file coords-v4.txt (compact mmCIF, C-alpha atoms and all ligand atoms)
# COMPACT_ATOMS: atom_id res chain seq x y z
CA MET A 1 -7.63 -18.26 -29.35
CA ASP A 2 -5.92 -18.28 -32.71
CA ALA A 3 -3.64 -15.30 -33.34
CA LEU A 4 -4.32 -15.48 -37.08
CA GLU A 5 -8.07 -15.29 -36.49
CA ILE A 6 -7.48 -12.02 -34.70
CA LEU A 7 -5.10 -10.64 -37.32
CA SER A 8 -7.46 -11.43 -40.16
CA ASN A 9 -10.44 -9.91 -38.31
CA LEU A 10 -9.03 -6.61 -37.08
CA ASP A 11 -12.50 -5.06 -37.38
CA SER A 12 -13.51 -7.22 -34.44
CA VAL A 13 -10.74 -5.82 -32.22
CA PHE A 14 -11.97 -3.04 -29.96
CA PRO A 15 -11.24 -1.39 -26.60
CA TYR A 16 -13.04 -1.79 -23.30
CA PHE A 17 -12.75 0.86 -20.62
CA GLN A 18 -12.65 0.25 -16.88
CA PRO A 19 -13.29 3.31 -14.69
CA ILE A 20 -10.78 4.37 -12.03
CA PHE A 21 -12.21 6.29 -9.08
CA SER A 22 -10.46 8.81 -6.86
CA ALA A 23 -10.82 8.87 -3.10
CA ASP A 24 -10.59 12.63 -2.77
CA GLU A 25 -13.35 13.54 -5.23
CA MET A 26 -15.13 10.19 -5.38
CA LEU A 27 -15.42 10.62 -9.16
CA VAL A 28 -14.22 8.68 -12.19
CA ILE A 29 -10.87 10.31 -12.90
CA ALA A 30 -9.54 7.85 -15.49
CA TYR A 31 -10.17 4.76 -17.59
CA GLU A 32 -7.87 1.83 -18.17
CA VAL A 33 -7.99 0.62 -21.78
CA LEU A 34 -8.36 -3.17 -22.16
CA GLY A 35 -8.29 -5.14 -25.41
CA ARG A 36 -11.33 -7.16 -26.51
CA PHE A 37 -12.16 -9.33 -29.51
CA GLN A 38 -15.54 -10.32 -30.83
CA SER A 39 -15.60 -13.92 -31.96
CA GLU A 40 -18.83 -15.67 -32.99
CA GLY A 41 -21.00 -13.40 -30.89
CA GLU A 42 -18.76 -13.73 -27.85
CA ILE A 43 -16.57 -10.96 -26.45
CA ILE A 44 -13.23 -12.23 -25.24
CA SER A 45 -10.28 -10.54 -23.54
CA LEU A 46 -7.10 -10.02 -25.56
CA GLY A 47 -5.03 -10.40 -22.39
CA SER A 48 -3.85 -13.90 -23.22
CA PHE A 49 -3.00 -12.82 -26.77
CA PHE A 50 -0.67 -10.12 -25.47
CA ASP A 51 0.81 -12.38 -22.78
CA ASP A 52 1.52 -15.25 -25.18
CA ASP A 53 5.28 -15.56 -25.82
CA GLU A 54 4.68 -17.71 -28.90
CA ILE A 55 2.98 -14.89 -30.78
CA PRO A 56 5.51 -12.71 -32.64
CA ASP A 57 5.88 -9.15 -31.36
CA GLU A 58 5.05 -7.68 -34.76
CA TYR A 59 1.55 -9.22 -34.62
CA LYS A 60 0.95 -7.93 -31.11
CA TYR A 61 2.34 -4.58 -32.13
CA GLU A 62 -0.16 -4.23 -34.96
CA VAL A 63 -3.14 -5.20 -32.81
CA ASP A 64 -1.97 -2.97 -29.96
CA LEU A 65 -1.56 0.10 -32.13
CA LEU A 66 -5.05 -0.42 -33.53
CA LEU A 67 -6.46 -0.66 -30.00
CA VAL A 68 -4.70 2.53 -28.97
CA LYS A 69 -6.08 4.31 -32.02
CA LYS A 70 -9.66 3.16 -31.40
CA ALA A 71 -9.44 3.92 -27.68
CA LEU A 72 -8.09 7.44 -28.12
CA GLU A 73 -10.65 8.16 -30.83
CA LYS A 74 -13.37 7.36 -28.30
CA ALA A 75 -11.51 9.21 -25.53
CA LEU A 76 -11.99 12.46 -27.45
CA GLU A 77 -15.57 12.36 -26.07
CA LEU A 78 -14.33 12.53 -22.47
CA ASP A 79 -13.99 15.59 -20.26
CA GLU A 80 -10.54 17.09 -20.40
CA ASP A 81 -9.60 16.15 -16.85
CA VAL A 82 -10.14 12.42 -17.33
CA LYS A 83 -6.96 10.38 -17.82
CA ILE A 84 -6.36 7.36 -20.04
CA PHE A 85 -4.32 4.40 -18.76
CA LEU A 86 -2.64 2.40 -21.53
CA ASN A 87 -1.00 -0.93 -20.75
CA ARG A 88 2.56 -1.02 -22.07
CA ASP A 89 4.67 -4.12 -22.05
CA ALA A 90 8.38 -3.26 -22.07
CA ASP A 91 9.17 -5.57 -25.00
CA LEU A 92 6.38 -4.15 -27.10
CA LEU A 93 7.18 -0.60 -26.17
CA MET A 94 10.81 -1.09 -27.22
CA TYR A 95 9.77 -2.76 -30.49
CA ASP A 96 10.61 0.26 -32.63
CA TYR A 97 11.87 2.37 -29.72
CA GLY A 98 8.27 3.39 -29.21
CA GLU A 99 8.29 5.66 -32.26
CA SER A 100 4.99 4.70 -33.98
CA PHE A 101 3.20 4.68 -30.64
CA LEU A 102 4.48 8.19 -29.91
CA GLN A 103 3.52 9.38 -33.41
CA GLU A 104 0.01 8.06 -32.79
CA LEU A 105 -0.20 9.96 -29.49
CA LEU A 106 1.09 13.16 -31.12
CA ALA A 107 -1.56 12.89 -33.84
CA PHE A 108 -4.23 12.84 -31.14
CA GLU A 109 -2.57 15.71 -29.32
CA LYS A 110 -3.13 17.82 -32.44
CA ARG A 111 -6.82 16.95 -32.17
CA GLY A 112 -7.00 18.27 -28.63
CA LEU A 113 -6.00 15.35 -26.44
CA SER A 114 -3.34 16.62 -24.05
CA LEU A 115 -0.58 14.07 -23.52
CA SER A 116 -0.55 14.87 -19.82
CA ARG A 117 -3.75 12.81 -19.70
CA ILE A 118 -1.93 9.69 -20.85
CA VAL A 119 -0.70 7.27 -18.18
CA LEU A 120 1.47 4.36 -19.30
CA GLU A 121 1.00 1.25 -17.18
CA ILE A 122 4.42 -0.28 -17.42
CA SER A 123 4.93 -3.97 -17.02
CA GLU A 124 8.45 -5.25 -17.53
CA HIS A 125 8.20 -8.70 -15.94
CA GLN A 126 9.49 -10.61 -18.95
CA TYR A 127 11.72 -7.92 -20.34
CA GLN A 128 15.21 -9.20 -21.16
CA GLY A 129 16.49 -6.12 -22.96
CA ASP A 130 18.64 -3.22 -21.83
CA LEU A 131 17.01 -1.50 -18.85
CA ASP A 132 18.99 1.72 -19.37
CA GLN A 133 17.62 2.07 -22.89
CA PHE A 134 14.14 1.35 -21.61
CA ASP A 135 14.48 3.97 -18.87
CA ASN A 136 15.72 6.49 -21.42
CA LEU A 137 12.63 5.86 -23.53
CA LEU A 138 10.34 6.40 -20.51
CA HIS A 139 12.24 9.55 -19.67
CA TYR A 140 11.76 10.78 -23.23
CA TYR A 141 8.00 10.09 -23.03
CA ARG A 142 7.83 12.03 -19.82
CA THR A 143 9.19 15.13 -21.50
CA TYR A 144 5.81 15.18 -23.31
CA GLY A 145 3.95 15.22 -19.99
CA ILE A 146 3.08 11.52 -20.21
CA LYS A 147 2.74 9.85 -16.78
CA ILE A 148 4.19 6.53 -15.68
CA ALA A 149 2.47 3.91 -13.56
CA ILE A 150 4.08 0.66 -12.45
CA SER A 151 1.59 -2.15 -12.58
CA ARG A 152 1.53 -5.75 -11.40
CA LEU A 153 2.87 -4.71 -8.02
CA GLY A 154 1.97 -7.28 -5.41
CA ARG A 155 1.93 -10.00 -8.01
CA GLU A 156 5.50 -10.41 -9.07
CA GLY A 157 7.17 -7.99 -6.70
CA TYR A 158 9.22 -5.16 -8.10
CA SER A 159 12.42 -4.44 -6.30
CA PHE A 160 12.36 -1.27 -4.26
CA THR A 161 15.51 -0.13 -6.06
CA ARG A 162 13.74 -0.40 -9.39
CA ILE A 163 10.77 1.60 -8.14
CA GLY A 164 13.07 4.22 -6.67
CA ARG A 165 14.89 4.53 -9.97
CA LEU A 166 11.78 4.78 -12.17
CA GLU A 167 10.13 7.31 -9.84
CA PRO A 168 6.67 6.45 -11.16
CA ASP A 169 3.75 8.84 -10.77
CA ILE A 170 1.51 5.96 -9.73
CA LEU A 171 2.05 2.57 -8.12
CA LYS A 172 -0.64 0.10 -9.08
CA ILE A 173 -1.28 -2.63 -6.54
CA ASN A 174 -3.16 -5.79 -7.37
CA LEU A 175 -5.45 -6.83 -4.53
CA GLN A 176 -5.92 -10.37 -5.79
CA ALA A 177 -3.24 -11.50 -3.30
CA LEU A 178 -5.47 -10.30 -0.46
CA LYS A 179 -7.95 -13.09 -1.15
CA SER A 180 -5.87 -15.90 0.27
CA THR A 181 -5.61 -15.61 4.04
CA SER A 182 -2.23 -17.36 4.11
CA THR A 183 -0.51 -14.40 2.47
CA GLY A 184 -2.62 -11.90 4.41
CA THR A 185 -0.28 -10.73 7.16
CA ASN A 186 2.77 -10.69 4.99
CA PHE A 187 0.99 -8.81 2.25
CA ASN A 188 -0.09 -6.23 4.82
CA ASP A 189 3.47 -5.55 5.91
CA VAL A 190 4.87 -5.42 2.38
CA LEU A 191 2.10 -3.05 1.46
CA PHE A 192 2.84 -0.83 4.40
CA ALA A 193 6.45 -0.61 3.21
CA ILE A 194 5.27 0.20 -0.33
CA SER A 195 2.99 2.93 0.94
CA LEU A 196 5.87 4.52 2.88
CA LEU A 197 8.04 4.33 -0.22
CA ALA A 198 5.26 5.85 -2.34
CA ARG A 199 5.01 8.73 0.10
CA LYS A 200 8.77 9.34 0.00
CA ILE A 201 8.96 9.41 -3.81
CA GLY A 202 5.68 11.28 -4.21
CA ALA A 203 3.78 8.53 -6.04
CA ASP A 204 0.04 7.89 -5.70
CA LEU A 205 -1.28 4.41 -4.91
CA LEU A 206 -3.89 2.82 -7.14
CA PHE A 207 -5.51 -0.41 -5.98
CA GLU A 208 -6.92 -2.68 -8.67
CA ASN A 209 -8.97 -5.87 -8.65
CA ILE A 210 -11.19 -4.60 -5.87
CA GLU A 211 -13.95 -7.20 -5.87
CA MET A 212 -15.36 -6.95 -2.38
CA SER A 213 -16.12 -4.33 0.23
CA TYR A 214 -13.28 -5.38 2.55
CA GLN A 215 -10.78 -4.88 -0.28
CA LEU A 216 -12.03 -1.33 -0.77
CA GLN A 217 -11.66 -0.77 2.96
CA PHE A 218 -8.14 -2.18 2.82
CA ALA A 219 -7.25 0.13 -0.07
CA TRP A 220 -8.70 3.13 1.76
CA LYS A 221 -6.87 2.28 4.95
CA ASN A 222 -3.56 1.75 3.20
CA GLY A 223 -3.32 5.11 1.55
CA GLY A 224 -4.98 4.25 -1.75
CA ARG A 225 -5.88 7.39 -3.65
CA TYR A 226 -7.33 5.56 -6.66
CA TYR A 227 -9.54 2.47 -6.89
CA GLN A 228 -10.48 0.06 -9.67
CA GLY A 229 -12.31 -3.26 -9.80
CA PHE A 230 -15.53 -5.15 -10.45
CA TYR A 231 -16.87 -4.17 -7.03
CA LEU A 232 -16.89 -0.57 -8.27
CA SER A 233 -17.47 -0.89 -12.01
CA PRO A 234 -16.60 -3.57 -14.61
CA PRO A 235 -14.87 -2.83 -17.91
CA ALA A 236 -17.35 -1.87 -20.64
CA SER A 237 -17.42 -0.53 -24.16
CA ASP A 238 -18.85 2.78 -23.00
CA PHE A 239 -18.00 5.43 -20.45
CA VAL A 240 -20.00 5.80 -17.23
CA ALA A 241 -21.33 8.87 -15.43
CA PRO A 242 -18.36 10.36 -13.53
CA ASP A 243 -20.36 10.60 -10.28
CA MET A 244 -22.00 7.16 -10.53
CA LEU A 245 -20.50 6.05 -7.20
CA LYS A 246 -20.24 9.36 -5.41
CA ASN A 247 -22.98 8.67 -2.88
CA ARG A 248 -22.04 5.05 -2.34
CA LEU A 249 -18.38 5.90 -1.77
CA LYS A 250 -19.37 8.64 0.66
CA GLU A 251 -21.35 6.12 2.69
CA LYS A 252 -18.56 3.56 2.52
CA PHE A 253 -15.94 6.05 3.69
CA HIS A 254 -18.22 7.06 6.53
CA ASP A 255 -18.45 3.42 7.67
CA PHE A 256 -14.69 2.93 7.32
CA ASN A 257 -14.13 6.07 9.38
CA LEU A 258 -16.45 4.89 12.14
CA TYR A 259 -14.67 1.56 12.32
CA GLU A 260 -11.16 3.03 12.42
CA LYS A 261 -12.11 5.73 14.91
CA ARG A 262 -13.52 3.09 17.20
CA LYS A 263 -10.22 1.25 17.06
CA LEU A 264 -8.18 4.40 17.64
CA GLU A 265 -10.43 5.31 20.57
CA ALA A 266 -9.85 1.87 22.05
CA VAL A 267 -6.08 2.35 21.84
CA TYR A 268 -6.36 5.82 23.31
CA SER A 269 -8.52 4.84 26.27
CA MET A 270 -6.36 1.79 26.88
CA ALA A 271 -3.36 4.13 27.16
CA GLU A 272 -5.25 6.24 29.72
CA VAL A 273 -6.23 3.23 31.80
CA LEU A 274 -2.66 1.94 31.78
CA GLN A 275 -1.29 5.35 32.71
CA THR A 276 -3.50 5.61 35.81
CA LYS A 277 -2.79 2.06 36.82
CA VAL A 278 0.99 2.16 36.36
CA LEU A 279 1.45 5.65 37.87
CA GLU A 280 -0.28 4.49 41.01
CA ILE A 281 2.23 1.66 41.39
CA VAL A 282 5.13 3.98 40.59
CA VAL A 283 4.06 6.45 43.29
CA LYS A 284 3.67 3.65 45.82
CA ASN A 285 7.18 2.42 45.03
CA LYS A 286 8.87 5.80 44.88
CA LYS A 287 11.70 4.74 47.14
CA ALA A 288 12.19 1.29 45.66
CA GLY A 289 14.94 0.35 43.23
CA TYR A 290 14.18 -0.26 39.55
CA GLU A 291 13.95 -4.02 39.88
CA GLU A 292 11.59 -3.80 42.83
CA LEU A 293 9.41 -1.35 40.95
CA LEU A 294 9.28 -3.58 37.86
CA ARG A 295 8.36 -6.57 40.02
CA ALA A 296 5.55 -4.58 41.63
CA ILE A 297 4.19 -3.67 38.17
CA ALA A 298 4.54 -7.24 36.92
CA LYS A 299 2.45 -8.44 39.83
CA GLU A 300 -0.41 -6.16 38.80
CA MET A 301 -0.03 -6.70 35.05
CA ASP A 302 0.73 -10.39 34.94
CA GLU A 303 -2.07 -11.14 32.47
CA MET A 304 -1.14 -8.40 30.09
CA ALA A 305 2.60 -7.80 29.93
CA PHE A 306 5.52 -10.05 29.08
CA ARG A 307 8.50 -7.69 29.23
CA MET A 308 9.36 -4.41 30.95
CA TYR A 309 12.41 -2.19 31.44
CA ILE A 310 13.44 1.41 32.07
CA CYS A 311 15.50 3.62 29.73
CA ASP A 312 17.00 7.07 30.03
CA GLU A 313 16.37 9.85 27.52
CA ASP A 314 19.13 8.66 25.20
CA GLY A 315 17.73 5.17 25.00
CA PHE A 316 20.17 3.46 27.41
CA GLN A 317 18.58 0.85 29.62
CA VAL A 318 19.05 1.83 33.28
CA SER A 319 17.42 -1.40 34.44
CA GLY A 320 17.64 -5.00 33.33
CA ASN A 321 14.66 -6.62 31.59
CA LEU A 322 11.95 -8.16 33.64
CA PHE A 323 10.74 -10.95 31.37
CA LYS A 324 7.91 -13.41 31.72
CA GLY A 325 9.17 -16.87 30.85
CA ASP A 326 6.92 -19.92 30.64
CA ASP A 327 5.34 -19.14 33.97
CA SER A 328 7.28 -16.78 36.12
CA TRP A 329 8.95 -13.41 35.80
CA HIS A 330 12.72 -13.23 35.90
CA THR A 331 15.32 -10.50 35.58
CA GLN A 332 17.70 -10.41 32.61
CA MET A 333 20.57 -8.18 33.74
CA GLU A 334 22.41 -8.61 30.41
CA TYR A 335 20.08 -5.93 29.00
CA LEU A 336 21.38 -3.26 31.38
CA ASN A 337 23.10 -0.40 29.44
CA LYS A 338 21.83 -1.62 26.05
CA ASN A 339 20.77 1.19 23.78
CA TRP A 340 17.49 1.41 21.85
CA SER A 341 17.66 4.92 20.38
CA TRP A 342 18.31 3.47 16.91
CA ARG A 343 14.88 1.84 16.79
CA PRO A 344 12.17 3.38 14.59
CA TYR A 345 9.99 5.92 16.42
CA PHE A 346 12.06 5.62 19.63
CA LEU A 347 13.11 9.27 19.87
CA GLU A 348 9.76 10.54 18.59
CA THR A 349 8.09 8.60 21.40
CA ILE A 350 10.52 9.95 24.02
CA ILE A 351 10.01 13.56 22.91
CA LYS A 352 6.24 13.13 22.85
CA MET A 353 6.24 11.65 26.35
CA ARG A 354 8.60 14.32 27.63
CA ASN A 355 6.46 17.16 26.31
CA ASP A 356 3.04 15.75 27.13
CA ARG A 357 4.04 13.97 30.36
CA LYS A 358 1.73 11.18 29.23
CA GLY A 359 1.90 7.49 28.44
CA ILE A 360 1.74 6.20 24.85
CA LEU A 361 0.49 2.92 23.49
CA SER A 362 2.49 2.10 20.34
CA ASP A 363 1.22 0.75 17.04
CA LEU A 364 1.13 -2.98 16.44
CA TYR A 365 4.53 -4.34 15.43
CA CYS A 366 6.46 -7.56 15.31
CA ASP A 367 8.64 -8.21 18.36
CA ILE A 368 12.20 -9.04 17.26
CA GLU A 369 12.76 -11.74 19.88
CA THR A 370 9.38 -13.47 20.13
CA GLY A 371 8.23 -12.89 16.53
CA GLU A 372 4.74 -12.02 17.81
CA SER A 373 2.61 -8.96 17.11
CA VAL A 374 2.79 -6.74 20.17
CA ARG A 375 2.26 -3.20 21.37
CA THR A 376 4.43 -1.29 23.82
CA PHE A 377 3.11 1.01 26.51
CA SER A 378 5.62 3.65 27.53
CA LEU A 379 5.42 6.20 30.32
CA PRO A 380 7.69 8.92 31.73
CA VAL A 381 8.79 7.98 35.25
CA PHE A 382 11.09 9.76 37.70
CA GLU A 383 13.49 12.36 36.38
CA ASN A 384 14.23 11.81 32.64
CA ASN A 385 13.55 8.09 32.73
CA TYR A 386 11.02 6.15 30.73
CA LEU A 387 9.28 2.90 31.49
CA PHE A 388 8.50 0.43 28.67
CA ILE A 389 5.96 -2.35 29.06
CA ASP A 390 5.47 -4.81 26.19
CA ILE A 391 1.90 -6.09 25.91
CA SER A 392 1.55 -9.71 24.82
CA TYR A 393 -0.18 -10.88 21.66
CA ARG A 394 -2.43 -13.12 23.74
CA TYR A 395 -3.83 -10.15 25.60
CA LEU A 396 -4.31 -8.12 22.41
CA PHE A 397 -6.02 -11.08 20.77
CA GLU A 398 -8.51 -11.25 23.61
CA HIS A 399 -9.16 -7.51 23.22
CA ASP A 400 -9.41 -7.39 19.46
CA ASP A 401 -10.13 -3.65 19.39
CA LEU A 402 -6.41 -3.38 20.03
CA LEU A 403 -5.35 -5.57 17.11
CA CA A 501 -3.35 -3.16 -16.35
call {"tool": "encode", "arguments": {"input": "coords-v4.txt", "output": "structure tokens"}}
result
Amino acid sequence: MDALEILSNLDSVFPYFQPIFSADEMLVIAYEVLGRFQSEGEIISLGSFFDDDEIPDEYKYEVDLLLVKKALEKALELDEDVKIFLNRDADLLMYDYGESFLQELLAFEKRGLSLSRIVLEISEHQYQGDLDQFDNLLHYYRTYGIKIAISRLGREGYSFTRIGRLEPDILKINLQALKSTSTGTNFNDVLFAISLLARKIGADLLFENIEMSYQLQFAWKNGGRYYQGFYLSPPASDFVAPDMLKNRLKEKFHDFNLYEKRKLEAVYSMAEVLQTKVLEIVVKNKKAGYEELLRAIAKEMDEMAFRMYICDEDGFQVSGNLFKGDDSWHTQMEYLNKNWSWRPYFLETIIKMRNDRKGILSDLYCDIETGESVRTFSLPVFENNYLFIDISYRYLFEHDDLL
């Protein structure tokens, strides 16, 4: 597309709006503004125009400001609780220190559009300028009630430090990466970390590019409060009915709930089965030493477990490891007296076991030594001691409710 064609036909530049849905109300709570251009009867995206480094900033600036103006003019029709997401490239935003853009927003504020409805989708992937100055500008915008979203997460990878420093209101995660299975597992783990971070800094997660049902399910499961994508509603020149998906989302969430509950039930009943089984062996071997007890358990759980040991309340191992090598179980005494209280969830698990006097099957996590996805079953045994049994990936794989 020729930049000059666009600049000499500004009448043909206009905004498209893509709805953003909320999980809590299942309504359209916002629209993202996207640039379009009508050329010989065809409507084309202005994305490549704005991404093109060859096109001078002043051209982009002019087109962008026009888009903002046209979009906000139309947004005056919307209910007052619907937000407007505007894409802001750092370079463009810094062009005149954001002054004309802000003046434009303030003009609309006078006409009744509260600036607290404006969300800036910041993308700074090519920005070479001074980050402090840029942060100051964002801070200044925020004093007007304007919200900040970080976009392109999951595509180019923001550093956690940067996210922590910007303290965005919203983290926008692109689900395109979820399509290729090769990045699947990794993406899952990174996303889990992002969702924890979001929770700590009080940001909401918005998942975009949802194109299929499983991506919506993924977004729902990973703490997504807001959803956007062709699967829900494509960008269009007009607004949609706010409740257009209410019933469909209700049904979807119901299905997702059923599925997850079934999995949680499987984990729960597995824990009960293990508790009965292991306690029986513990009672039978009351007088035996730790190693003898572990060997007795290994005999019964040969198919399932690959490592077991006993810790005291402070996380010190009071037994060695009993570890299943290629074929047989052997004792690793070098683990005696090692401490595990520093590991995530360790003390929470101990306290929970101590209070409930019940076994717990952990979440799925990556074993440090074997690199495989495993779960750990833990159980209070004897006075103030706790037994840990690591369940192998092979077993979990064969019982995929547990994966
Ligand atoms: Ca965007």
call {"tool": "closest_residue", "arguments": {"input": "coords-v4.txt", "among": "A:Lys221, A:Lys60, A:Arg88, A:Arg117", "to": "ligand CA 501 (chain A)", "atoms": "all atoms listed in the file"}}
result
A:Arg88
call {"tool": "atom_distance", "arguments": {"input": "coords-v4.txt", "atom1": "CA of Asp189 (chain A)", "atom2": "CA of Phe306 (chain A)"}}
result
23.7 Å
call {"tool": "closest_residue", "arguments": {"input": "coords-v4.txt", "among": "A:Leu191, A:Val13, A:Leu86, A:Leu258", "to": "ligand CA 501 (chain A)", "atoms": "only C-alpha atoms and all ligand atoms"}}
result
A:Leu86
call {"tool": "closest_atom_pairs", "arguments": {"input": "coords-v4.txt", "of": "region 8-121 of chain A", "to": "region 142-149 of chain A", "cutoff": "7 Å", "atoms": "only C-alpha atoms", "output": "Markdown table"}}
result
| residue | atom | partner | partner_atom | distance |
| --- | --- | --- | --- | --- |
| A:Leu115 | CA | A:Ile146 | CA | 5.6 |
| A:Ser116 | CA | A:Gly145 | CA | 4.5 |
| A:Arg117 | CA | A:Ile146 | CA | 7.0 |
| A:Ile118 | CA | A:Ile146 | CA | 5.4 |
| A:Val119 | CA | A:Lys147 | CA | 4.5 |
| A:Leu120 | CA | A:Ile148 | CA | 5.0 |
| A:Glu121 | CA | A:Ala149 | CA | 4.7 |
call {"tool": "residues_near_ligand", "arguments": {"input": "coords-v4.txt", "ligand": "ligand CA 501 (chain A)", "cutoff": "9 Å", "atoms": "only C-alpha atoms and all ligand atoms", "output": "short mmCIF file (atom, residue, chain, number, x, y, z; two decimals) with C-alpha atoms, in the frame of the given file"}}
result
data_model
loop_
_atom_site.label_atom_id
_atom_site.label_comp_id
_atom_site.auth_asym_id
_atom_site.auth_seq_id
_atom_site.Cartn_x
_atom_site.Cartn_y
_atom_site.Cartn_z
CA GLU A 32 -7.87 1.83 -18.17
CA VAL A 33 -7.99 0.62 -21.78
CA LEU A 34 -8.36 -3.17 -22.16
CA PHE A 85 -4.32 4.40 -18.76
CA LEU A 86 -2.64 2.40 -21.53
CA ASN A 87 -1.00 -0.93 -20.75
CA ARG A 88 2.56 -1.02 -22.07
CA GLU A 121 1.00 1.25 -17.18
CA ILE A 122 4.42 -0.28 -17.42
CA SER A 123 4.93 -3.97 -17.02
CA SER A 151 1.59 -2.15 -12.58
CA ARG A 152 1.53 -5.75 -11.40
CA LYS A 172 -0.64 0.10 -9.08
CA GLU A 208 -6.92 -2.68 -8.67
#
call {"tool": "atom_distance", "arguments": {"input": "coords-v4.txt", "atom1": "CA of Lys338 (chain A)", "atom2": "CA of Phe323 (chain A)"}}
result
15.4 Å
call {"tool": "atom_distance", "arguments": {"input": "coords-v4.txt", "atom1": "CA of Met308 (chain A)", "atom2": "CA of Leu294 (chain A)"}}
result
7.0 Å
call {"tool": "closest_residue", "arguments": {"input": "coords-v4.txt", "among": "A:Ile281, A:Leu206, A:Ile20, A:Ile173", "to": "Pro235 (chain A)", "atoms": "all atoms listed in the file"}}
result
A:Ile20
call {"tool": "residues_around", "arguments": {"input": "coords-v4.txt", "residues": "Lys69 (chain A)", "least_positions_apart": "5", "cutoff": "9 Å", "atoms": "all atoms listed in the file", "output": "NGL selection string"}}
result
:A and (64 or 74 or 104-105 or 108)
call {"tool": "closest_residue", "arguments": {"input": "coords-v4.txt", "among": "A:Ile297, A:Val190, A:Leu65, A:Leu72", "to": "Leu92 (chain A)", "atoms": "all atoms listed in the file"}}
result
A:Leu65
call {"tool": "residues_around", "arguments": {"input": "coords-v4.txt", "residues": "region 124-130 of chain A", "least_positions_apart": "6", "cutoff": "7 Å", "atoms": "all atoms listed in the file", "output": "list of chain:residue names"}}
result
A:Asp89, A:Ala90, A:Asp91
call {"tool": "closest_residue", "arguments": {"input": "coords-v4.txt", "among": "A:Leu196, A:Ile201, A:Ala71, A:Val282", "to": "Leu166 (chain A)", "atoms": "only C-alpha atoms"}}
result
A:Ile201
call {"tool": "residues_around", "arguments": {"input": "coords-v4.txt", "residues": "region 379-391 of chain A", "least_positions_apart": "5", "cutoff": "7 Å", "atoms": "all atoms listed in the file", "output": "PyMOL selection string"}}
result
chain A and resi 304-313+353-354+357-360+374
